[in-house]
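S.K.: My structure file model24.csv, CSV, C-alpha atoms, is below:
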```
chain,number,residue,atom,x,y,z
A,24,MET,CA,0.0,0.0,0.0
A,25,ARG,CA,2.8,2.4,1.0
A,26,THR,CA,4.7,1.6,-2.3
A,27,ALA,CA,1.5,2.2,-4.3
A,28,ILE,CA,1.0,5.6,-2.7
A,29,ARG,CA,4.6,6.5,-3.1
A,30,THR,CA,4.6,5.6,-6.8
A,31,TRP,CA,1.3,7.5,-7.2
A,32,GLN,CA,2.8,10.5,-5.4
A,33,ARG,CA,5.8,10.5,-7.7
A,34,LEU,CA,3.8,10.2,-10.9
A,35,ALA,CA,0.9,12.4,-10.1
A,36,PRO,CA,2.7,15.7,-10.6
A,37,VAL,CA,4.0,14.4,-14.0
A,38,ALA,CA,0.4,13.4,-15.0
A,39,LEU,CA,-0.9,16.8,-13.9
A,40,ALA,CA,1.8,18.6,-15.7
A,41,LEU,CA,1.1,16.6,-18.9
A,42,CYS,CA,-2.6,17.3,-18.7
A,43,LEU,CA,-2.2,21.0,-18.1
A,44,VAL,CA,0.4,21.4,-20.8
A,45,THR,CA,-1.8,19.6,-23.3
A,46,GLN,CA,-4.7,21.8,-22.4
A,47,TRP,CA,-2.6,24.9,-22.6
A,48,VAL,CA,-1.3,23.9,-26.1
A,49,ARG,CA,-4.8,23.2,-27.3
A,50,ALA,CA,-6.0,26.6,-26.0
A,51,ALA,CA,-3.0,28.3,-27.6
A,52,GLU,CA,-3.6,26.8,-31.1
A,53,PRO,CA,-5.1,29.3,-33.5
A,54,PRO,CA,-8.6,28.6,-34.6
A,55,ALA,CA,-9.0,26.8,-38.0
A,56,LYS,CA,-9.0,29.3,-40.9
A,57,PRO,CA,-12.2,29.3,-43.0
A,58,ALA,CA,-11.7,28.2,-46.6
A,59,GLY,CA,-12.6,31.6,-48.1
A,60,ALA,CA,-10.6,33.8,-45.7
A,61,PRO,CA,-8.1,36.2,-47.2
A,62,ALA,CA,-4.4,35.6,-46.8
A,63,ALA,CA,-2.5,37.4,-44.0
A,64,VAL,CA,-1.2,40.8,-45.0
A,65,ALA,CA,2.4,40.6,-45.9
A,66,ALA,CA,5.0,42.5,-44.0
A,67,PRO,CA,6.0,45.8,-45.6
A,68,ALA,CA,8.7,45.4,-48.2
A,69,THR,CA,12.1,47.1,-47.8
A,70,THR,CA,11.3,49.3,-50.8
A,71,ALA,CA,8.3,50.9,-49.0
A,72,ALA,CA,7.7,54.6,-49.2
A,73,PRO,CA,9.6,56.8,-46.6
A,74,GLU,CA,6.4,58.0,-45.0
A,75,ALA,CA,5.5,54.3,-44.2
A,76,ALA,CA,8.6,53.9,-42.0
A,77,PRO,CA,7.2,55.5,-38.8
A,78,GLU,CA,4.2,53.2,-39.1
A,79,ALA,CA,6.4,50.2,-39.6
A,80,SER,CA,8.5,51.0,-36.5
A,81,ALA,CA,5.3,51.6,-34.5
A,82,ALA,CA,4.0,48.2,-35.6
A,83,ALA,CA,7.4,46.6,-34.6
A,84,LEU,CA,7.1,48.3,-31.2
A,85,THR,CA,3.5,47.0,-30.8
A,86,GLY,CA,4.8,43.5,-31.8
A,87,ASP,CA,7.5,43.7,-29.2
A,88,ALA,CA,5.0,44.7,-26.5
A,89,THR,CA,2.7,41.9,-27.6
A,90,GLY,CA,5.6,39.4,-27.4
A,91,GLU,CA,6.6,40.6,-24.0
A,92,GLY,CA,3.0,40.4,-22.9
A,93,SER,CA,2.6,36.8,-24.1
A,94,THR,CA,5.9,35.9,-22.4
A,95,ARG,CA,4.6,37.3,-19.2
A,96,ALA,CA,1.4,35.4,-19.6
A,97,LEU,CA,3.3,32.2,-20.3
A,98,ASP,CA,5.4,32.8,-17.2
A,99,GLU,CA,2.3,33.2,-15.1
A,100,GLN,CA,0.8,30.1,-16.5
A,101,ILE,CA,4.0,28.2,-15.7
A,102,GLN,CA,3.9,29.5,-12.1
A,103,ASP,CA,0.2,28.5,-11.8
A,104,LEU,CA,1.1,25.1,-13.1
A,105,LYS,CA,3.9,24.8,-10.5
A,106,GLN,CA,1.6,25.9,-7.7
A,107,GLN,CA,-1.0,23.3,-8.8
A,108,VAL,CA,1.7,20.6,-8.7
A,109,VAL,CA,2.8,21.7,-5.2
A,110,ASP,CA,-0.9,21.7,-4.0
A,111,LEU,CA,-1.5,18.3,-5.5
A,112,ASN,CA,1.6,16.9,-3.8
A,113,LYS,CA,0.5,18.3,-0.5
A,114,ASP,CA,-2.9,16.8,-0.9
A,115,LEU,CA,-1.4,13.4,-1.8
A,116,PHE,CA,0.9,13.6,1.3
A,117,VAL,CA,-2.1,14.3,3.5
A,118,LEU,CA,-4.0,11.5,1.8
A,119,GLU,CA,-1.1,9.1,2.4
A,120,GLU,CA,-1.0,10.0,6.1
A,121,GLU,CA,-4.7,9.5,6.5
A,122,LEU,CA,-4.7,6.2,4.6
A,123,LEU,CA,-1.7,4.7,6.2
A,124,PHE,CA,-2.2,6.1,9.7
A,125,PRO,CA,-5.9,6.6,10.4
A,126,ALA,CA,-6.6,8.8,13.5
A,127,ASN,CA,-8.2,5.9,15.4
A,128,THR,CA,-5.1,3.7,15.3
A,129,GLN,CA,-2.3,6.4,15.0
A,130,VAL,CA,0.6,6.5,17.4
A,131,ALA,CA,3.2,9.2,17.0
A,132,VAL,CA,6.4,9.6,19.0
A,133,PHE,CA,8.3,12.9,19.1
A,134,VAL,CA,11.8,13.7,20.4
A,135,SER,CA,12.8,17.0,22.0
A,136,MET,CA,15.9,18.1,23.8
A,137,ASP,CA,16.4,20.8,26.4
A,138,VAL,CA,20.0,22.2,26.8
A,139,GLY,CA,21.9,18.9,26.2
A,140,SER,CA,25.0,19.9,28.1
A,141,PHE,CA,25.3,16.5,29.8
A,142,PHE,CA,24.3,14.3,26.9
A,143,GLY,CA,25.4,14.1,23.3
A,144,LEU,CA,22.7,12.2,21.5
A,145,ASP,CA,23.9,9.5,19.1
A,146,SER,CA,20.9,7.2,18.5
A,147,VAL,CA,17.4,6.3,19.8
A,148,THR,CA,15.9,2.8,19.5
A,149,LEU,CA,12.2,2.5,20.0
A,150,ARG,CA,10.4,-0.7,21.0
A,151,VAL,CA,6.6,-1.0,21.1
A,152,ASP,CA,5.3,-4.1,22.9
A,153,ASN,CA,8.8,-5.7,22.7
A,154,ARG,CA,9.1,-5.2,19.0
A,155,GLU,CA,11.8,-2.8,17.6
A,156,VAL,CA,10.1,-0.3,15.4
A,157,ILE,CA,12.9,2.2,14.7
A,158,ASN,CA,16.6,2.7,15.3
A,159,TYR,CA,17.5,6.3,14.4
A,160,LEU,CA,21.0,7.7,14.2
A,161,TYR,CA,21.5,11.4,14.8
A,162,THR,CA,24.0,13.5,12.9
A,163,PRO,CA,25.6,16.6,14.6
A,164,ARG,CA,23.3,18.8,12.6
A,165,GLU,CA,20.2,17.1,13.8
A,166,VAL,CA,21.3,17.2,17.4
A,167,ALA,CA,22.0,20.9,17.0
A,168,ALA,CA,18.5,21.4,15.6
A,169,LEU,CA,17.1,19.6,18.6
A,170,VAL,CA,19.2,21.6,21.1
A,171,LYS,CA,17.9,24.8,19.4
A,172,GLY,CA,14.3,23.8,20.3
A,173,GLY,CA,13.3,21.6,17.4
A,174,VAL,CA,10.9,18.7,17.8
A,175,GLN,CA,11.3,15.7,15.6
A,176,ARG,CA,8.6,13.2,14.7
A,177,LEU,CA,10.6,10.1,15.2
A,178,TYR,CA,8.0,7.5,14.5
A,179,VAL,CA,4.4,7.2,13.4
A,180,GLY,CA,2.6,3.9,13.3
A,181,ASN,CA,-0.6,2.1,14.0
A,182,LEU,CA,-1.7,0.4,17.2
A,183,LYS,CA,-5.1,-1.1,18.1
A,184,ALA,CA,-7.0,0.1,21.2
A,185,GLY,CA,-5.8,-1.3,24.5
A,186,SER,CA,-2.8,-1.1,26.7
A,187,HIS,CA,0.7,-1.0,25.2
A,188,GLU,CA,4.3,-0.4,26.3
A,189,LEU,CA,6.8,1.8,24.7
A,190,VAL,CA,10.5,1.5,25.5
A,191,ALA,CA,13.1,4.0,24.3
A,192,LEU,CA,16.8,3.4,24.5
A,193,PHE,CA,19.0,6.4,24.2
A,194,SER,CA,22.7,6.1,23.5
A,195,GLY,CA,25.4,8.8,23.1
A,196,LYS,CA,28.1,10.6,25.1
A,197,GLY,CA,27.4,11.3,28.7
A,198,PRO,CA,29.2,13.5,31.2
A,199,ASN,CA,33.0,13.5,30.9
A,200,ASP,CA,32.6,12.3,27.3
A,201,ARG,CA,31.9,8.7,28.3
A,202,ASP,CA,29.7,6.3,26.4
A,203,TYR,CA,26.2,6.6,27.9
A,204,ARG,CA,23.2,4.3,27.4
A,205,ARG,CA,19.9,4.8,29.2
A,206,GLY,CA,16.4,3.6,28.8
A,207,ALA,CA,12.9,4.9,29.6
A,208,SER,CA,9.6,3.2,29.3
A,209,ILE,CA,5.9,4.0,29.6
A,210,LYS,CA,2.8,2.0,29.7
A,211,PHE,CA,-0.1,3.7,28.0
A,212,GLU,CA,-3.7,3.2,27.0
A,213,LYS,CA,-4.5,3.6,23.3
A,214,GLY,CA,-8.1,4.9,23.0
A,215,VAL,CA,-10.2,5.9,20.0
A,216,GLY,CA,-8.2,9.0,19.0
A,217,ALA,CA,-4.6,9.4,17.9
A,218,LYS,CA,-1.9,9.0,20.6
A,219,TYR,CA,1.0,11.3,20.9
A,220,LEU,CA,4.1,10.6,23.0
A,221,GLU,CA,7.1,12.8,23.5
A,222,LEU,CA,10.6,11.6,24.5
A,223,LYS,CA,12.1,14.5,26.5
A,224,ILE,CA,15.8,14.7,27.1
A,225,SER,CA,16.8,17.3,29.6
A,226,ASP,CA,19.7,18.2,31.9
A,227,LYS,CA,19.4,17.7,35.6
A,228,THR,CA,21.8,20.3,36.9
A,229,ARG,CA,21.6,19.2,40.5
A,230,ARG,CA,22.8,15.7,39.7
A,231,GLN,CA,25.0,16.8,36.7
A,232,GLN,CA,23.3,14.1,34.7
A,233,PRO,CA,20.9,14.0,31.8
A,234,GLU,CA,17.3,13.0,32.4
A,235,PHE,CA,15.1,11.0,30.1
A,236,GLU,CA,11.3,11.2,30.3
A,237,ILE,CA,8.4,10.0,28.2
A,238,LYS,CA,5.4,12.3,28.2
A,239,ASP,CA,2.0,11.2,27.2
A,240,TRP,CA,0.1,14.0,25.5
A,241,GLU,CA,-3.5,13.6,26.6
B,26,MET,CA,-9.9,17.5,-16.2
B,27,ILE,CA,-11.3,14.6,-14.3
B,28,ARG,CA,-11.5,12.4,-17.4
B,29,CYS,CA,-8.0,13.3,-18.2
B,30,PHE,CA,-6.8,12.2,-14.7
B,31,GLY,CA,-8.9,9.2,-14.1
B,32,ARG,CA,-7.3,6.8,-16.5
B,33,PRO,CA,-3.6,7.5,-15.8
B,34,TYR,CA,-4.3,7.4,-12.1
B,35,LEU,CA,-6.1,4.1,-12.3
B,36,LEU,CA,-3.3,2.7,-14.5
B,37,VAL,CA,-0.6,3.9,-12.1
B,38,ALA,CA,-2.4,2.6,-9.1
B,39,LEU,CA,-2.7,-0.9,-10.7
B,40,LEU,CA,0.9,-0.9,-11.8
B,41,ALA,CA,2.0,0.0,-8.3
B,42,LEU,CA,0.0,-2.7,-6.7
B,43,VAL,CA,1.6,-5.4,-8.8
B,44,GLN,CA,5.1,-4.2,-7.9
B,45,PRO,CA,7.2,-6.8,-6.1
B,46,ALA,CA,7.6,-6.2,-2.3
B,47,VAL,CA,11.4,-6.4,-2.3
B,48,PRO,CA,12.9,-3.1,-3.4
B,49,ALA,CA,15.3,-3.4,-6.3
B,50,ALA,CA,18.9,-2.1,-6.2
B,51,THR,CA,19.3,1.5,-7.3
B,52,ALA,CA,20.0,2.0,-10.9
B,53,VAL,CA,21.8,4.9,-12.7
B,54,GLY,CA,19.4,7.9,-13.0
B,55,GLU,CA,17.4,7.1,-9.9
B,56,LEU,CA,17.4,9.0,-6.7
B,57,ALA,CA,20.1,7.7,-4.4
B,58,PRO,CA,18.6,6.0,-1.3
B,59,ASP,CA,19.1,8.0,1.8
B,60,PHE,CA,21.0,6.5,4.8
B,61,ALA,CA,22.6,7.3,8.1
B,62,LEU,CA,25.7,5.4,9.2
B,63,PRO,CA,28.1,5.6,12.1
B,64,ALA,CA,31.6,6.7,11.3
B,65,ALA,CA,34.6,4.7,12.5
B,66,THR,CA,35.9,7.8,14.2
B,67,GLY,CA,32.6,8.6,15.9
B,68,GLY,CA,29.5,10.5,15.0
B,69,ASN,CA,27.0,9.7,12.3
B,70,VAL,CA,26.7,10.8,8.7
B,71,ARG,CA,23.5,11.1,6.7
B,72,LEU,CA,23.6,11.2,2.9
B,73,SER,CA,20.7,13.7,2.5
B,74,GLU,CA,22.6,16.3,4.4
B,75,HIS,CA,25.0,16.5,1.4
B,76,ARG,CA,22.3,17.4,-1.1
B,77,GLY,CA,23.7,20.2,-3.3
B,78,GLU,CA,27.2,18.6,-3.3
B,79,VAL,CA,28.6,15.8,-5.5
B,80,VAL,CA,28.9,12.7,-3.4
B,81,LEU,CA,31.3,9.9,-4.1
B,82,LEU,CA,30.4,6.7,-2.3
B,83,ALA,CA,33.1,4.1,-2.1
B,84,PHE,CA,32.2,0.6,-0.9
B,85,TRP,CA,35.3,-1.1,0.5
B,86,SER,CA,36.5,-3.8,2.9
B,87,SER,CA,39.6,-4.1,4.9
B,88,ARG,CA,40.2,-7.6,3.3
B,89,CYS,CA,40.2,-6.2,-0.2
B,90,SER,CA,43.7,-5.0,-1.2
B,91,VAL,CA,42.4,-3.2,-4.3
B,92,CYS,CA,39.9,-1.3,-2.2
B,93,THR,CA,42.5,-0.1,0.2
B,94,ALA,CA,44.8,1.1,-2.6
B,95,GLN,CA,41.8,2.9,-4.1
B,96,LEU,CA,41.0,4.7,-0.8
B,97,SER,CA,44.4,6.5,-0.9
B,98,LEU,CA,43.7,7.6,-4.4
B,99,LEU,CA,40.3,8.8,-3.4
B,100,GLY,CA,41.9,10.8,-0.7
B,101,ASP,CA,43.9,12.7,-3.3
B,102,LEU,CA,40.8,13.3,-5.4
B,103,GLN,CA,39.0,14.6,-2.3
B,104,THR,CA,41.8,17.0,-1.5
B,105,THR,CA,41.8,18.4,-5.1
B,106,TYR,CA,38.0,18.8,-5.5
B,107,ARG,CA,36.8,19.4,-2.0
B,108,SER,CA,36.5,23.1,-2.5
B,109,ALA,CA,34.5,22.5,-5.7
B,110,GLY,CA,31.9,20.6,-3.8
B,111,LEU,CA,33.1,17.0,-3.8
B,112,VAL,CA,32.2,14.9,-0.7
B,113,THR,CA,33.7,11.4,-0.4
B,114,LEU,CA,32.1,8.8,1.9
B,115,ALA,CA,33.8,5.4,2.3
B,116,VAL,CA,31.4,2.7,3.3
B,117,SER,CA,32.9,-0.4,4.9
B,118,VAL,CA,31.1,-3.7,4.3
B,119,ASP,CA,33.2,-5.6,6.8
B,120,ASP,CA,31.4,-8.2,8.9
B,121,ASP,CA,33.8,-7.5,11.8
B,122,MET,CA,33.2,-3.9,12.9
B,123,HIS,CA,36.4,-3.9,15.1
B,124,ARG,CA,38.5,-4.9,12.1
B,125,ALA,CA,37.1,-2.1,10.0
B,126,THR,CA,37.5,0.4,12.9
B,127,ARG,CA,41.1,-0.7,13.5
B,128,TYR,CA,41.9,-0.3,9.8
B,129,ALA,CA,40.3,3.2,9.7
B,130,GLN,CA,42.2,4.3,12.7
B,131,ALA,CA,45.5,3.0,11.3
B,132,HIS,CA,44.9,4.6,7.9
B,133,PRO,CA,43.4,8.0,8.6
B,134,THR,CA,41.7,9.5,5.6
B,135,ARG,CA,40.5,12.9,4.7
B,136,PHE,CA,36.9,11.6,4.5
B,137,PRO,CA,34.6,9.7,6.8
B,138,MET,CA,34.9,5.9,7.0
B,139,LEU,CA,31.4,4.6,7.6
B,140,LEU,CA,30.4,1.3,8.9
B,141,ASP,CA,27.5,-0.6,7.2
B,142,LEU,CA,27.0,-3.2,9.9
B,143,ARG,CA,23.6,-4.3,8.9
B,144,LYS,CA,24.5,-4.3,5.1
B,145,GLY,CA,21.3,-2.4,4.4
B,146,VAL,CA,23.1,0.4,2.5
B,147,SER,CA,25.2,-2.0,0.3
B,148,ARG,CA,22.1,-4.0,-0.5
B,149,ALA,CA,20.2,-0.8,-1.4
B,150,TYR,CA,23.0,0.2,-3.8
B,151,GLY,CA,23.3,-3.4,-5.2
B,152,VAL,CA,26.9,-3.8,-4.3
B,153,GLU,CA,28.0,-7.2,-5.5
B,154,ARG,CA,31.7,-6.7,-6.1
B,155,LEU,CA,34.4,-4.7,-4.4
B,156,PRO,CA,35.5,-2.0,-4.9
B,157,THR,CA,32.2,-0.3,-6.0
B,158,THR,CA,32.0,3.4,-6.4
B,159,VAL,CA,28.8,5.4,-6.8
B,160,LEU,CA,28.7,9.0,-8.0
B,161,ILE,CA,25.7,11.1,-6.9
B,162,ASP,CA,25.0,14.4,-8.5
B,163,ARG,CA,24.0,17.6,-6.7
B,164,ARG,CA,20.3,16.8,-7.1
B,165,GLY,CA,20.8,13.5,-5.3
B,166,ARG,CA,20.6,11.2,-8.4
B,167,VAL,CA,22.9,8.3,-9.0
B,168,ARG,CA,24.9,9.2,-12.2
B,169,PHE,CA,27.7,6.6,-12.3
B,170,LEU,CA,28.0,3.2,-10.7
B,171,GLU,CA,31.3,1.5,-11.2
B,172,SER,CA,32.1,-1.9,-10.0
B,173,ASP,CA,35.6,-2.8,-11.2
B,174,ASP,CA,39.2,-2.5,-10.1
B,175,ARG,CA,40.4,-0.1,-12.8
B,176,GLY,CA,41.3,2.4,-10.2
B,177,ILE,CA,41.1,6.2,-10.4
B,178,ASP,CA,42.0,6.9,-14.0
B,179,ASN,CA,41.4,10.0,-16.2
B,180,SER,CA,37.9,8.9,-17.3
B,181,TYR,CA,36.9,8.6,-13.7
B,182,ILE,CA,38.2,12.1,-12.9
B,183,ALA,CA,36.3,13.3,-16.0
B,184,GLN,CA,33.1,11.9,-14.6
B,185,VAL,CA,33.7,13.7,-11.3
B,186,ARG,CA,34.5,17.0,-13.1
B,187,GLU,CA,31.4,16.7,-15.2
B,188,LEU,CA,29.2,16.4,-12.1
B,189,LEU,CA,31.0,19.2,-10.4
B,190,ASP,CA,30.6,21.5,-13.4
B,191,ASP,CA,26.9,20.8,-13.5
B,192,PRO,CA,25.2,23.5,-11.4
B,193,LEU,CA,22.3,22.7,-9.1
```
What does this structure look like when you write it as structure tokens?
M.R.:
Amino acid sequence: MRTAIRTWQRLAPVALALCLVTQWVRAAEPPAKPAGAPAAVAAPATTAAPEAAPEASAAALTGDATGEGSTRALDEQIQDLKQQVVDLNKDLFVLEEELLFPANTQVAVFVSMDVGSFFGLDSVTLRVDNREVINYLYTPREVAALVKGGVQRLYVGNLKAGSHELVALFSGKGPNDRDYRRGASIKFEKGVGAKYLELKISDKTRRQQPEFEIKDWE
Amino acid sequence: MIRCFGRPYLLVALLALVQPAVPAATAVGELAPDFALPAATGGNVRLSEHRGEVVLLAFWSSRCSVCTAQLSLLGDLQTTYRSAGLVTLAVSVDDDMHRATRYAQAHPTRFPMLLDLRKGVSRAYGVERLPTTVLIDRRGRVRFLESDDRGIDNSYIAQVRELLDDPL
């Protein structure tokens, strides 16, 4: 299902682009000329009378203006097309989320970090009901983003209603640059609505140690 | 508009449903699969953080003598083209993590030596022989995939230069 939606998501903008371009080309085509219609007026010859020259230059200027106008219109149409592709992609993303993770079974786990002086995050492993669901490695950039106040959605999945257990294993560098590995767990009830849990890493200044906490967003 | 969309969407959905479940190895022209791997010297490296740069992935093993010779040549290449936007990542496919780490510490390089312990990355890139090198352009697409021991010759450098000259 996920593969199908991903493929769909990849190809949908292309399909939309093709459709819109086809429609635009059809609209831009000149209407069919009637059989008895007179031929187009030929451009003035180089041997035209001198008094005709100002008119010709005026016509050329008008032509330039028309060309510029049509270029601008084309540019606007391209921008519209791009916007439609972006909107469609957004809709497909929302659709994917709704289909894969319906609100009544959705469980999402977020990670946040406060200060981070006593702990350098390296990885987080999540286990839900004794089954490993994700093992995420953090790069220095990602850790910096968390320290600045960013919140990362680490995992989103489905769970049926009832009681469940989440175990999070944090590994990294602790105080004095020593390897540090700690765990935190929570037992929670999954109800009808979506469940949101937050893994909070903070510094406990009094003990000079990091603190790991799992918060259940009611 | 609806009629225009209905048929391609239906076709695409049907085609996607009959796709095999096992993902195929990446081919030239496709988006390079993202990964995050631990480096032998500490820290982690994620490929997607290098979007906008030309990335050279070199799959190697400490047991492969050709690979180790190639790594030193890649070091020279990295020194020459680093300022132009070349990023080299060496991915070890050693089964023994300690052996790979020891090798990496004994032969320091100018680029990160990553450890693919679960072999997920080498499978994603379809690595069957060593050394294998993959060149990824600034848009994140696989542009060249070499799997031979010809070393770093002029044609290889030309490929790197071609990607570096290609603006984003």
S.K.: Which is closer to Gly151 of chain B than all the others in B:Gln95, B:Gln103, B:Ser86, B:Thr51, using all atoms listed in the file?
M.R.: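 Of the candidates, the smallest distance to Gly151 of chain B is held by B:Thr51.
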S.K.: For segment 179-188 of chain B, list every protein, DNA or RNA residue within 8 Å, evaluated using all atoms listed in the file, and leave out those in the same chain fewer than 5 positions away; present the list as a ChimeraX atom specification.
M.R.: /B:79,160,162-163,169
S.K.: Measure the distance from atom CA of Leu139 of chain B to atom CA of Asn69 of chain B in Å and round it to one decimal.
M.R.: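 Value for the atom CA of Leu139 of chain B-atom CA of Asn69 of chain B distance: 8.2 Å.
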S.K.: Rounded to one decimal, what separation in Å do you get between atom CA of Cys89 of chain B and atom CA of Arg154 of chain B?
M.R.: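 Distance reported for this atom pair: 10.4 Å.
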S.K.: One decimal, in Å: what's the spacing between atom CA of Asp173 of chain B and atom CA of Thr66 of chain B?
M.R.: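 Distance reported for this atom pair: 27.5 Å.
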S.K.: As an MDAnalysis selection string, please: the residues near Ile209 of chain A (cut-off 9 Å, all atoms listed in the file, same-chain neighbours under 6 positions excluded).
M.R.: chainID A and resid 187:191 237:239
S.K.: Convert the current residue selection to file output with C-alpha atoms, as a short mmCIF file (atom, residue, chain, number, x, y, z; two decimals), in the frame of the given file.
M.R.:
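After the write, part-v1.cif holds the following:
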```
data_model
loop_
_atom_site.label_atom_id
_atom_site.label_comp_id
_atom_site.auth_asym_id
_atom_site.auth_seq_id
_atom_site.Cartn_x
_atom_site.Cartn_y
_atom_site.Cartn_z
CA HIS A 187 0.70 -1.00 25.20
CA GLU A 188 4.30 -0.40 26.30
CA LEU A 189 6.80 1.80 24.70
CA VAL A 190 10.50 1.50 25.50
CA ALA A 191 13.10 4.00 24.30
CA ILE A 237 8.40 10.00 28.20
CA LYS A 238 5.40 12.30 28.20
CA ASP A 239 2.00 11.20 27.20
#
```
S.K.: Under the rule that all atoms listed in the file are counted, which of A:Gln232, A:Ser194, A:Ser135, A:Thr162 is the nearest residue to chain B?
M.R.: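 Of A:Gln232, A:Ser194, A:Ser135, A:Thr162, the one nearest chain B is A:Thr162, counting all atoms listed in the file.
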S.K.: Could you give me, as a list of chain:residue names, the residues within 12 Å of Glu55 of chain B, counting all atoms listed in the file and dropping anything in the same chain fewer than 5 positions from it?
M.R.: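 Residues meeting the cut-off are B:Ala49, B:Ala50, B:Ala149, B:Tyr150, B:Val159, B:Leu160, B:Ile161, B:Asp162, B:Arg164, B:Gly165, B:Arg166, B:Val167, B:Arg168, B:Phe169, B:Leu170.
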S.K.: Could the residues in this selection be saved with C-alpha atoms as a compact mmCIF listing (two decimals), keeping the file's coordinate frame?
M.R.:
```txt
# COMPACT_ATOMS: atom_id res chain seq x y z
CA ALA B 49 15.30 -3.40 -6.30
CA ALA B 50 18.90 -2.10 -6.20
CA ALA B 149 20.20 -0.80 -1.40
CA TYR B 150 23.00 0.20 -3.80
CA VAL B 159 28.80 5.40 -6.80
CA LEU B 160 28.70 9.00 -8.00
CA ILE B 161 25.70 11.10 -6.90
CA ASP B 162 25.00 14.40 -8.50
CA ARG B 164 20.30 16.80 -7.10
CA GLY B 165 20.80 13.50 -5.30
CA ARG B 166 20.60 11.20 -8.40
CA VAL B 167 22.90 8.30 -9.00
CA ARG B 168 24.90 9.20 -12.20
CA PHE B 169 27.70 6.60 -12.30
CA LEU B 170 28.00 3.20 -10.70
```
